[in-house]
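Undergrad: Dropping in entry.cif, which is mmCIF, N, CA and C atoms; chains and numbers go by the auth columns:
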data_start
loop_
_atom_site.group_PDB
_atom_site.id
_atom_site.type_symbol
_atom_site.label_atom_id
_atom_site.label_comp_id
_atom_site.label_asym_id
_atom_site.label_seq_id
_atom_site.Cartn_x
_atom_site.Cartn_y
_atom_site.Cartn_z
_atom_site.B_iso_or_equiv
_atom_site.auth_seq_id
_atom_site.auth_asym_id
ATOM 1 N N MET A 1 6.744 -47.270 18.656 0.00 1 A
ATOM 2 C CA MET A 1 6.553 -46.000 19.305 0.00 1 A
ATOM 3 C C MET A 1 5.914 -45.007 18.332 0.00 1 A
ATOM 4 N N PHE A 2 6.472 -44.872 17.135 0.00 2 A
ATOM 5 C CA PHE A 2 5.902 -43.974 16.137 0.00 2 A
ATOM 6 C C PHE A 2 5.112 -44.807 15.139 0.00 2 A
ATOM 7 N N ARG A 3 3.826 -44.606 15.130 0.00 3 A
ATOM 8 C CA ARG A 3 3.047 -45.326 14.129 0.00 3 A
ATOM 9 C C ARG A 3 2.639 -44.350 13.040 0.00 3 A
ATOM 10 N N ARG A 4 2.318 -44.862 11.915 0.00 4 A
ATOM 11 C CA ARG A 4 1.956 -44.003 10.783 0.00 4 A
ATOM 12 C C ARG A 4 0.533 -43.516 10.916 0.00 4 A
ATOM 13 N N LEU A 5 0.306 -42.340 10.381 0.00 5 A
ATOM 14 C CA LEU A 5 -1.040 -41.793 10.351 0.00 5 A
ATOM 15 C C LEU A 5 -1.779 -42.334 9.141 0.00 5 A
ATOM 16 N N THR A 6 -3.055 -42.575 9.339 0.00 6 A
ATOM 17 C CA THR A 6 -3.860 -42.995 8.197 0.00 6 A
ATOM 18 C C THR A 6 -4.169 -41.776 7.346 0.00 6 A
ATOM 19 N N LEU A 7 -4.618 -41.994 6.140 0.00 7 A
ATOM 20 C CA LEU A 7 -4.900 -40.897 5.223 0.00 7 A
ATOM 21 C C LEU A 7 -5.989 -39.959 5.769 0.00 7 A
ATOM 22 N N PRO A 8 -7.096 -40.470 6.306 0.00 8 A
ATOM 23 C CA PRO A 8 -8.088 -39.547 6.874 0.00 8 A
ATOM 24 C C PRO A 8 -7.541 -38.715 8.045 0.00 8 A
ATOM 25 N N GLN A 9 -6.699 -39.317 8.871 0.00 9 A
ATOM 26 C CA GLN A 9 -6.107 -38.569 9.970 0.00 9 A
ATOM 27 C C GLN A 9 -5.186 -37.471 9.454 0.00 9 A
ATOM 28 N N LEU A 10 -4.458 -37.763 8.395 0.00 10 A
ATOM 29 C CA LEU A 10 -3.566 -36.786 7.792 0.00 10 A
ATOM 30 C C LEU A 10 -4.359 -35.620 7.202 0.00 10 A
ATOM 31 N N PHE A 11 -5.449 -35.942 6.490 0.00 11 A
ATOM 32 C CA PHE A 11 -6.302 -34.887 5.941 0.00 11 A
ATOM 33 C C PHE A 11 -6.924 -34.038 7.038 0.00 11 A
ATOM 34 N N PHE A 12 -7.366 -34.691 8.106 0.00 12 A
ATOM 35 C CA PHE A 12 -7.979 -33.958 9.224 0.00 12 A
ATOM 36 C C PHE A 12 -6.962 -33.033 9.887 0.00 12 A
ATOM 37 N N ALA A 13 -5.761 -33.511 10.110 0.00 13 A
ATOM 38 C CA ALA A 13 -4.725 -32.684 10.725 0.00 13 A
ATOM 39 C C ALA A 13 -4.353 -31.513 9.826 0.00 13 A
ATOM 40 N N THR A 14 -4.290 -31.755 8.531 0.00 14 A
ATOM 41 C CA THR A 14 -3.993 -30.682 7.585 0.00 14 A
ATOM 42 C C THR A 14 -5.096 -29.638 7.595 0.00 14 A
ATOM 43 N N PHE A 15 -6.340 -30.096 7.574 0.00 15 A
ATOM 44 C CA PHE A 15 -7.482 -29.178 7.613 0.00 15 A
ATOM 45 C C PHE A 15 -7.470 -28.339 8.887 0.00 15 A
ATOM 46 N N LEU A 16 -7.225 -28.973 10.020 0.00 16 A
ATOM 47 C CA LEU A 16 -7.177 -28.232 11.283 0.00 16 A
ATOM 48 C C LEU A 16 -6.061 -27.194 11.278 0.00 16 A
ATOM 49 N N GLY A 17 -4.925 -27.534 10.732 0.00 17 A
ATOM 50 C CA GLY A 17 -3.811 -26.589 10.682 0.00 17 A
ATOM 51 C C GLY A 17 -4.128 -25.385 9.817 0.00 17 A
ATOM 52 N N ILE A 18 -4.711 -25.622 8.652 0.00 18 A
ATOM 53 C CA ILE A 18 -5.054 -24.510 7.760 0.00 18 A
ATOM 54 C C ILE A 18 -6.161 -23.658 8.359 0.00 18 A
ATOM 55 N N ALA A 19 -7.191 -24.308 8.900 0.00 19 A
ATOM 56 C CA ALA A 19 -8.313 -23.573 9.478 0.00 19 A
ATOM 57 C C ALA A 19 -7.873 -22.737 10.677 0.00 19 A
ATOM 58 N N SER A 20 -7.027 -23.279 11.528 0.00 20 A
ATOM 59 C CA SER A 20 -6.576 -22.515 12.692 0.00 20 A
ATOM 60 C C SER A 20 -5.676 -21.353 12.264 0.00 20 A
ATOM 61 N N GLY A 21 -4.884 -21.559 11.226 0.00 21 A
ATOM 62 C CA GLY A 21 -4.047 -20.462 10.730 0.00 21 A
ATOM 63 C C GLY A 21 -4.883 -19.324 10.186 0.00 21 A
ATOM 64 N N ILE A 22 -5.925 -19.659 9.433 0.00 22 A
ATOM 65 C CA ILE A 22 -6.815 -18.620 8.908 0.00 22 A
ATOM 66 C C ILE A 22 -7.528 -17.908 10.050 0.00 22 A
ATOM 67 N N TYR A 23 -7.986 -18.663 11.039 0.00 23 A
ATOM 68 C CA TYR A 23 -8.698 -18.069 12.177 0.00 23 A
ATOM 69 C C TYR A 23 -7.791 -17.121 12.948 0.00 23 A
ATOM 70 N N ILE A 24 -6.557 -17.507 13.155 0.00 24 A
ATOM 71 C CA ILE A 24 -5.637 -16.691 13.945 0.00 24 A
ATOM 72 C C ILE A 24 -5.250 -15.415 13.193 0.00 24 A
ATOM 73 N N TYR A 25 -4.995 -15.516 11.890 0.00 25 A
ATOM 74 C CA TYR A 25 -4.520 -14.365 11.130 0.00 25 A
ATOM 75 C C TYR A 25 -5.637 -13.576 10.449 0.00 25 A
ATOM 76 N N GLN A 26 -6.900 -13.925 10.688 0.00 26 A
ATOM 77 C CA GLN A 26 -8.017 -13.231 10.057 0.00 26 A
ATOM 78 C C GLN A 26 -8.022 -11.734 10.361 0.00 26 A
ATOM 79 N N PRO A 27 -7.798 -11.284 11.598 0.00 27 A
ATOM 80 C CA PRO A 27 -7.783 -9.835 11.846 0.00 27 A
ATOM 81 C C PRO A 27 -6.699 -9.107 11.046 0.00 27 A
ATOM 82 N N ILE A 28 -5.573 -9.739 10.839 0.00 28 A
ATOM 83 C CA ILE A 28 -4.498 -9.119 10.061 0.00 28 A
ATOM 84 C C ILE A 28 -4.929 -8.980 8.607 0.00 28 A
ATOM 85 N N PHE A 29 -5.564 -10.023 8.057 0.00 29 A
ATOM 86 C CA PHE A 29 -6.055 -9.961 6.682 0.00 29 A
ATOM 87 C C PHE A 29 -7.108 -8.869 6.524 0.00 29 A
ATOM 88 N N GLU A 30 -8.010 -8.751 7.506 0.00 30 A
ATOM 89 C CA GLU A 30 -9.059 -7.731 7.436 0.00 30 A
ATOM 90 C C GLU A 30 -8.462 -6.327 7.493 0.00 30 A
ATOM 91 N N GLN A 31 -7.482 -6.117 8.368 0.00 31 A
ATOM 92 C CA GLN A 31 -6.840 -4.809 8.470 0.00 31 A
ATOM 93 C C GLN A 31 -6.131 -4.459 7.169 0.00 31 A
ATOM 94 N N TYR A 32 -5.458 -5.418 6.561 0.00 32 A
ATOM 95 C CA TYR A 32 -4.781 -5.190 5.287 0.00 32 A
ATOM 96 C C TYR A 32 -5.798 -4.802 4.213 0.00 32 A
ATOM 97 N N SER A 33 -6.928 -5.485 4.193 0.00 33 A
ATOM 98 C CA SER A 33 -7.968 -5.192 3.210 0.00 33 A
ATOM 99 C C SER A 33 -8.510 -3.779 3.411 0.00 33 A
ATOM 100 N N ARG A 34 -8.753 -3.413 4.660 0.00 34 A
ATOM 101 C CA ARG A 34 -9.249 -2.054 4.950 0.00 34 A
ATOM 102 C C ARG A 34 -8.234 -0.999 4.522 0.00 34 A
ATOM 103 N N ASN A 35 -6.965 -1.232 4.799 0.00 35 A
ATOM 104 C CA ASN A 35 -5.921 -0.281 4.419 0.00 35 A
ATOM 105 C C ASN A 35 -5.844 -0.123 2.906 0.00 35 A
ATOM 106 N N GLN A 36 -5.970 -1.223 2.179 0.00 36 A
ATOM 107 C CA GLN A 36 -5.922 -1.150 0.725 0.00 36 A
ATOM 108 C C GLN A 36 -7.104 -0.358 0.175 0.00 36 A
ATOM 109 N N LYS A 37 -8.291 -0.564 0.752 0.00 37 A
ATOM 110 C CA LYS A 37 -9.474 0.185 0.305 0.00 37 A
ATOM 111 C C LYS A 37 -9.297 1.680 0.564 0.00 37 A
ATOM 112 N N GLU A 38 -8.762 2.024 1.731 0.00 38 A
ATOM 113 C CA GLU A 38 -8.542 3.438 2.051 0.00 38 A
ATOM 114 C C GLU A 38 -7.536 4.065 1.089 0.00 38 A
ATOM 115 N N LEU A 39 -6.478 3.332 0.772 0.00 39 A
ATOM 116 C CA LEU A 39 -5.476 3.869 -0.141 0.00 39 A
ATOM 117 C C LEU A 39 -6.050 4.091 -1.533 0.00 39 A
ATOM 118 N N THR A 40 -6.864 3.153 -2.012 0.00 40 A
ATOM 119 C CA THR A 40 -7.442 3.324 -3.348 0.00 40 A
ATOM 120 C C THR A 40 -8.431 4.482 -3.364 0.00 40 A
ATOM 121 N N GLU A 41 -9.178 4.665 -2.277 0.00 41 A
ATOM 122 C CA GLU A 41 -10.106 5.794 -2.213 0.00 41 A
ATOM 123 C C GLU A 41 -9.352 7.120 -2.208 0.00 41 A
ATOM 124 N N LYS A 42 -8.273 7.188 -1.456 0.00 42 A
ATOM 125 C CA LYS A 42 -7.482 8.412 -1.416 0.00 42 A
ATOM 126 C C LYS A 42 -6.862 8.707 -2.778 0.00 42 A
ATOM 127 N N LEU A 43 -6.414 7.653 -3.454 0.00 43 A
ATOM 128 C CA LEU A 43 -5.830 7.827 -4.773 0.00 43 A
ATOM 129 C C LEU A 43 -6.872 8.342 -5.766 0.00 43 A
ATOM 130 N N LYS A 44 -8.080 7.804 -5.696 0.00 44 A
ATOM 131 C CA LYS A 44 -9.150 8.257 -6.588 0.00 44 A
ATOM 132 C C LYS A 44 -9.498 9.718 -6.316 0.00 44 A
ATOM 133 N N LEU A 45 -9.568 10.085 -5.044 0.00 45 A
ATOM 134 C CA LEU A 45 -9.871 11.471 -4.699 0.00 45 A
ATOM 135 C C LEU A 45 -8.776 12.408 -5.191 0.00 45 A
ATOM 136 N N ALA A 46 -7.531 11.988 -5.068 0.00 46 A
ATOM 137 C CA ALA A 46 -6.415 12.817 -5.522 0.00 46 A
ATOM 138 C C ALA A 46 -6.461 12.972 -7.043 0.00 46 A
ATOM 139 N N GLN A 47 -6.782 11.914 -7.760 0.00 47 A
ATOM 140 C CA GLN A 47 -6.873 11.994 -9.212 0.00 47 A
ATOM 141 C C GLN A 47 -8.035 12.886 -9.633 0.00 47 A
ATOM 142 N N GLU A 48 -9.171 12.802 -8.944 0.00 48 A
ATOM 143 C CA GLU A 48 -10.313 13.655 -9.269 0.00 48 A
ATOM 144 C C GLU A 48 -10.006 15.133 -9.033 0.00 48 A
ATOM 145 N N SER A 49 -9.341 15.421 -7.914 0.00 49 A
ATOM 146 C CA SER A 49 -9.008 16.823 -7.617 0.00 49 A
ATOM 147 C C SER A 49 -7.980 17.335 -8.618 0.00 49 A
ATOM 148 N N GLU A 50 -7.087 16.476 -9.058 0.00 50 A
ATOM 149 C CA GLU A 50 -6.092 16.880 -10.057 0.00 50 A
ATOM 150 C C GLU A 50 -6.778 17.184 -11.388 0.00 50 A
ATOM 151 N N LYS A 51 -7.769 16.411 -11.749 0.00 51 A
ATOM 152 C CA LYS A 51 -8.502 16.654 -12.986 0.00 51 A
ATOM 153 C C LYS A 51 -9.258 17.977 -12.914 0.00 51 A
ATOM 154 N N LYS A 52 -9.810 18.283 -11.750 0.00 52 A
ATOM 155 C CA LYS A 52 -10.567 19.525 -11.576 0.00 52 A
ATOM 156 C C LYS A 52 -9.653 20.742 -11.694 0.00 52 A
ATOM 157 N N ILE A 53 -8.428 20.586 -11.194 0.00 53 A
ATOM 158 C CA ILE A 53 -7.468 21.705 -11.248 0.00 53 A
ATOM 159 C C ILE A 53 -7.044 21.958 -12.685 0.00 53 A
ATOM 160 N N ASN A 54 -6.822 20.903 -13.436 0.00 54 A
ATOM 161 C CA ASN A 54 -6.377 21.045 -14.827 0.00 54 A
ATOM 162 C C ASN A 54 -7.558 21.351 -15.660 0.00 54 A
#
Please re-express this file's structure in structure tokens.

TA:
Amino acid sequence: MFRRLTLPQLFFATFLGIASGIYIYQPIFEQYSRNQKELTEKLKLAQESEKKIN
């Protein structure tokens, strides 16, 4: 009833699992990247304005 998978089948199944996971969660990764860029830009602006005040 349960037969073993061959090595190529195992690699193919692993590849499909990783690729589908990346495809599904790609929008979340992109949003995280955008948020990080915005935070670093805001931090740089705050540091520049602080330097101007001092």

Undergrad: If you measure from CA of Ala19 (chain A) to CA of Glu38 (chain A), what distance in Å do you get, rounded to one decimal?

TA: 28.0 Å

Undergrad: How far is it from atom N of Asn35 (chain A) to atom C of Leu16 (chain A), in Å with one decimal?

TA: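 Here the two named atoms are 26.8 Å from each other.
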
Undergrad: How far is it from atom C of Arg4 (chain A) to atom N of Tyr23 (chain A), in Å with one decimal?

TA: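 Result for atom C of Arg4 (chain A) versus atom N of Tyr23 (chain A): 26.3 Å, one decimal.
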
Undergrad: Once 5 Å is added on each side, what centre and edge lengths in Å to one decimal does the axis-aligned box around all listed atoms of region 31-37 of chain A have, as JSON?

TA:
{"center_x": -7.1, "center_y": -2.2, "center_z": 4.3, "size_x": 14.7, "size_y": 17.8, "size_z": 18.3}

Undergrad: Fix up region 10-34 of chain A with N, CA, C and O atoms, then write it as a PDB file, keeping the file's coordinate frame.

TA:
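Heads up, here's the output in rebuild_7.pdb:
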ATOM      1  N   LEU A  10      -4.458 -37.763   8.395  1.00  0.00           N
ATOM      2  CA  LEU A  10      -3.566 -36.786   7.792  1.00  0.00           C
ATOM      3  C   LEU A  10      -4.359 -35.620   7.202  1.00  0.00           C
ATOM      4  O   LEU A  10      -4.009 -34.455   7.390  1.00  0.00           O
ATOM      5  N   PHE A  11      -5.449 -35.942   6.490  1.00  0.00           N
ATOM      6  CA  PHE A  11      -6.302 -34.887   5.941  1.00  0.00           C
ATOM      7  C   PHE A  11      -6.924 -34.038   7.038  1.00  0.00           C
ATOM      8  O   PHE A  11      -7.003 -32.818   6.940  1.00  0.00           O
ATOM      9  N   PHE A  12      -7.366 -34.691   8.106  1.00  0.00           N
ATOM     10  CA  PHE A  12      -7.979 -33.958   9.224  1.00  0.00           C
ATOM     11  C   PHE A  12      -6.962 -33.033   9.887  1.00  0.00           C
ATOM     12  O   PHE A  12      -7.269 -31.874  10.189  1.00  0.00           O
ATOM     13  N   ALA A  13      -5.761 -33.511  10.110  1.00  0.00           N
ATOM     14  CA  ALA A  13      -4.725 -32.684  10.725  1.00  0.00           C
ATOM     15  C   ALA A  13      -4.353 -31.513   9.826  1.00  0.00           C
ATOM     16  O   ALA A  13      -4.157 -30.389  10.303  1.00  0.00           O
ATOM     17  N   THR A  14      -4.290 -31.755   8.531  1.00  0.00           N
ATOM     18  CA  THR A  14      -3.993 -30.682   7.585  1.00  0.00           C
ATOM     19  C   THR A  14      -5.096 -29.638   7.595  1.00  0.00           C
ATOM     20  O   THR A  14      -4.829 -28.438   7.618  1.00  0.00           O
ATOM     21  N   PHE A  15      -6.340 -30.096   7.574  1.00  0.00           N
ATOM     22  CA  PHE A  15      -7.482 -29.178   7.613  1.00  0.00           C
ATOM     23  C   PHE A  15      -7.470 -28.339   8.887  1.00  0.00           C
ATOM     24  O   PHE A  15      -7.683 -27.126   8.839  1.00  0.00           O
ATOM     25  N   LEU A  16      -7.225 -28.973  10.020  1.00  0.00           N
ATOM     26  CA  LEU A  16      -7.177 -28.232  11.283  1.00  0.00           C
ATOM     27  C   LEU A  16      -6.061 -27.194  11.278  1.00  0.00           C
ATOM     28  O   LEU A  16      -6.243 -26.070  11.765  1.00  0.00           O
ATOM     29  N   GLY A  17      -4.925 -27.534  10.732  1.00  0.00           N
ATOM     30  CA  GLY A  17      -3.811 -26.589  10.682  1.00  0.00           C
ATOM     31  C   GLY A  17      -4.128 -25.385   9.817  1.00  0.00           C
ATOM     32  O   GLY A  17      -3.875 -24.241  10.205  1.00  0.00           O
ATOM     33  N   ILE A  18      -4.711 -25.622   8.652  1.00  0.00           N
ATOM     34  CA  ILE A  18      -5.054 -24.510   7.760  1.00  0.00           C
ATOM     35  C   ILE A  18      -6.161 -23.658   8.359  1.00  0.00           C
ATOM     36  O   ILE A  18      -6.090 -22.424   8.351  1.00  0.00           O
ATOM     37  N   ALA A  19      -7.191 -24.308   8.900  1.00  0.00           N
ATOM     38  CA  ALA A  19      -8.313 -23.573   9.478  1.00  0.00           C
ATOM     39  C   ALA A  19      -7.873 -22.737  10.677  1.00  0.00           C
ATOM     40  O   ALA A  19      -8.302 -21.580  10.827  1.00  0.00           O
ATOM     41  N   SER A  20      -7.027 -23.279  11.528  1.00  0.00           N
ATOM     42  CA  SER A  20      -6.576 -22.515  12.692  1.00  0.00           C
ATOM     43  C   SER A  20      -5.676 -21.353  12.264  1.00  0.00           C
ATOM     44  O   SER A  20      -5.720 -20.282  12.860  1.00  0.00           O
ATOM     45  N   GLY A  21      -4.884 -21.559  11.226  1.00  0.00           N
ATOM     46  CA  GLY A  21      -4.047 -20.462  10.730  1.00  0.00           C
ATOM     47  C   GLY A  21      -4.883 -19.324  10.186  1.00  0.00           C
ATOM     48  O   GLY A  21      -4.600 -18.149  10.438  1.00  0.00           O
ATOM     49  N   ILE A  22      -5.925 -19.659   9.433  1.00  0.00           N
ATOM     50  CA  ILE A  22      -6.815 -18.620   8.908  1.00  0.00           C
ATOM     51  C   ILE A  22      -7.528 -17.908  10.050  1.00  0.00           C
ATOM     52  O   ILE A  22      -7.660 -16.684  10.051  1.00  0.00           O
ATOM     53  N   TYR A  23      -7.986 -18.663  11.039  1.00  0.00           N
ATOM     54  CA  TYR A  23      -8.698 -18.069  12.177  1.00  0.00           C
ATOM     55  C   TYR A  23      -7.791 -17.121  12.948  1.00  0.00           C
ATOM     56  O   TYR A  23      -8.205 -16.032  13.348  1.00  0.00           O
ATOM     57  N   ILE A  24      -6.557 -17.507  13.155  1.00  0.00           N
ATOM     58  CA  ILE A  24      -5.637 -16.691  13.945  1.00  0.00           C
ATOM     59  C   ILE A  24      -5.250 -15.415  13.193  1.00  0.00           C
ATOM     60  O   ILE A  24      -5.207 -14.326  13.777  1.00  0.00           O
ATOM     61  N   TYR A  25      -4.995 -15.516  11.890  1.00  0.00           N
ATOM     62  CA  TYR A  25      -4.520 -14.365  11.130  1.00  0.00           C
ATOM     63  C   TYR A  25      -5.637 -13.576  10.449  1.00  0.00           C
ATOM     64  O   TYR A  25      -5.358 -12.629   9.725  1.00  0.00           O
ATOM     65  N   GLN A  26      -6.900 -13.925  10.688  1.00  0.00           N
ATOM     66  CA  GLN A  26      -8.017 -13.231  10.057  1.00  0.00           C
ATOM     67  C   GLN A  26      -8.022 -11.734  10.361  1.00  0.00           C
ATOM     68  O   GLN A  26      -8.235 -10.927   9.453  1.00  0.00           O
ATOM     69  N   PRO A  27      -7.798 -11.284  11.598  1.00  0.00           N
ATOM     70  CA  PRO A  27      -7.783  -9.835  11.846  1.00  0.00           C
ATOM     71  C   PRO A  27      -6.699  -9.107  11.046  1.00  0.00           C
ATOM     72  O   PRO A  27      -6.904  -7.984  10.607  1.00  0.00           O
ATOM     73  N   ILE A  28      -5.573  -9.739  10.839  1.00  0.00           N
ATOM     74  CA  ILE A  28      -4.498  -9.119  10.061  1.00  0.00           C
ATOM     75  C   ILE A  28      -4.929  -8.980   8.607  1.00  0.00           C
ATOM     76  O   ILE A  28      -4.707  -7.944   7.975  1.00  0.00           O
ATOM     77  N   PHE A  29      -5.564 -10.023   8.057  1.00  0.00           N
ATOM     78  CA  PHE A  29      -6.055  -9.961   6.682  1.00  0.00           C
ATOM     79  C   PHE A  29      -7.108  -8.869   6.524  1.00  0.00           C
ATOM     80  O   PHE A  29      -7.113  -8.138   5.535  1.00  0.00           O
ATOM     81  N   GLU A  30      -8.010  -8.751   7.506  1.00  0.00           N
ATOM     82  CA  GLU A  30      -9.059  -7.731   7.436  1.00  0.00           C
ATOM     83  C   GLU A  30      -8.462  -6.327   7.493  1.00  0.00           C
ATOM     84  O   GLU A  30      -8.897  -5.432   6.778  1.00  0.00           O
ATOM     85  N   GLN A  31      -7.482  -6.117   8.368  1.00  0.00           N
ATOM     86  CA  GLN A  31      -6.840  -4.809   8.470  1.00  0.00           C
ATOM     87  C   GLN A  31      -6.131  -4.459   7.169  1.00  0.00           C
ATOM     88  O   GLN A  31      -6.203  -3.325   6.699  1.00  0.00           O
ATOM     89  N   TYR A  32      -5.458  -5.418   6.561  1.00  0.00           N
ATOM     90  CA  TYR A  32      -4.781  -5.190   5.287  1.00  0.00           C
ATOM     91  C   TYR A  32      -5.798  -4.802   4.213  1.00  0.00           C
ATOM     92  O   TYR A  32      -5.569  -3.882   3.435  1.00  0.00           O
ATOM     93  N   SER A  33      -6.928  -5.485   4.193  1.00  0.00           N
ATOM     94  CA  SER A  33      -7.968  -5.192   3.210  1.00  0.00           C
ATOM     95  C   SER A  33      -8.510  -3.779   3.411  1.00  0.00           C
ATOM     96  O   SER A  33      -8.715  -3.034   2.449  1.00  0.00           O
ATOM     97  N   ARG A  34      -8.753  -3.413   4.660  1.00  0.00           N
ATOM     98  CA  ARG A  34      -9.249  -2.054   4.950  1.00  0.00           C
ATOM     99  C   ARG A  34      -8.234  -0.999   4.522  1.00  0.00           C
ATOM    100  O   ARG A  34      -8.599   0.025   3.943  1.00  0.00           O
TER     101      ARG A  34
END
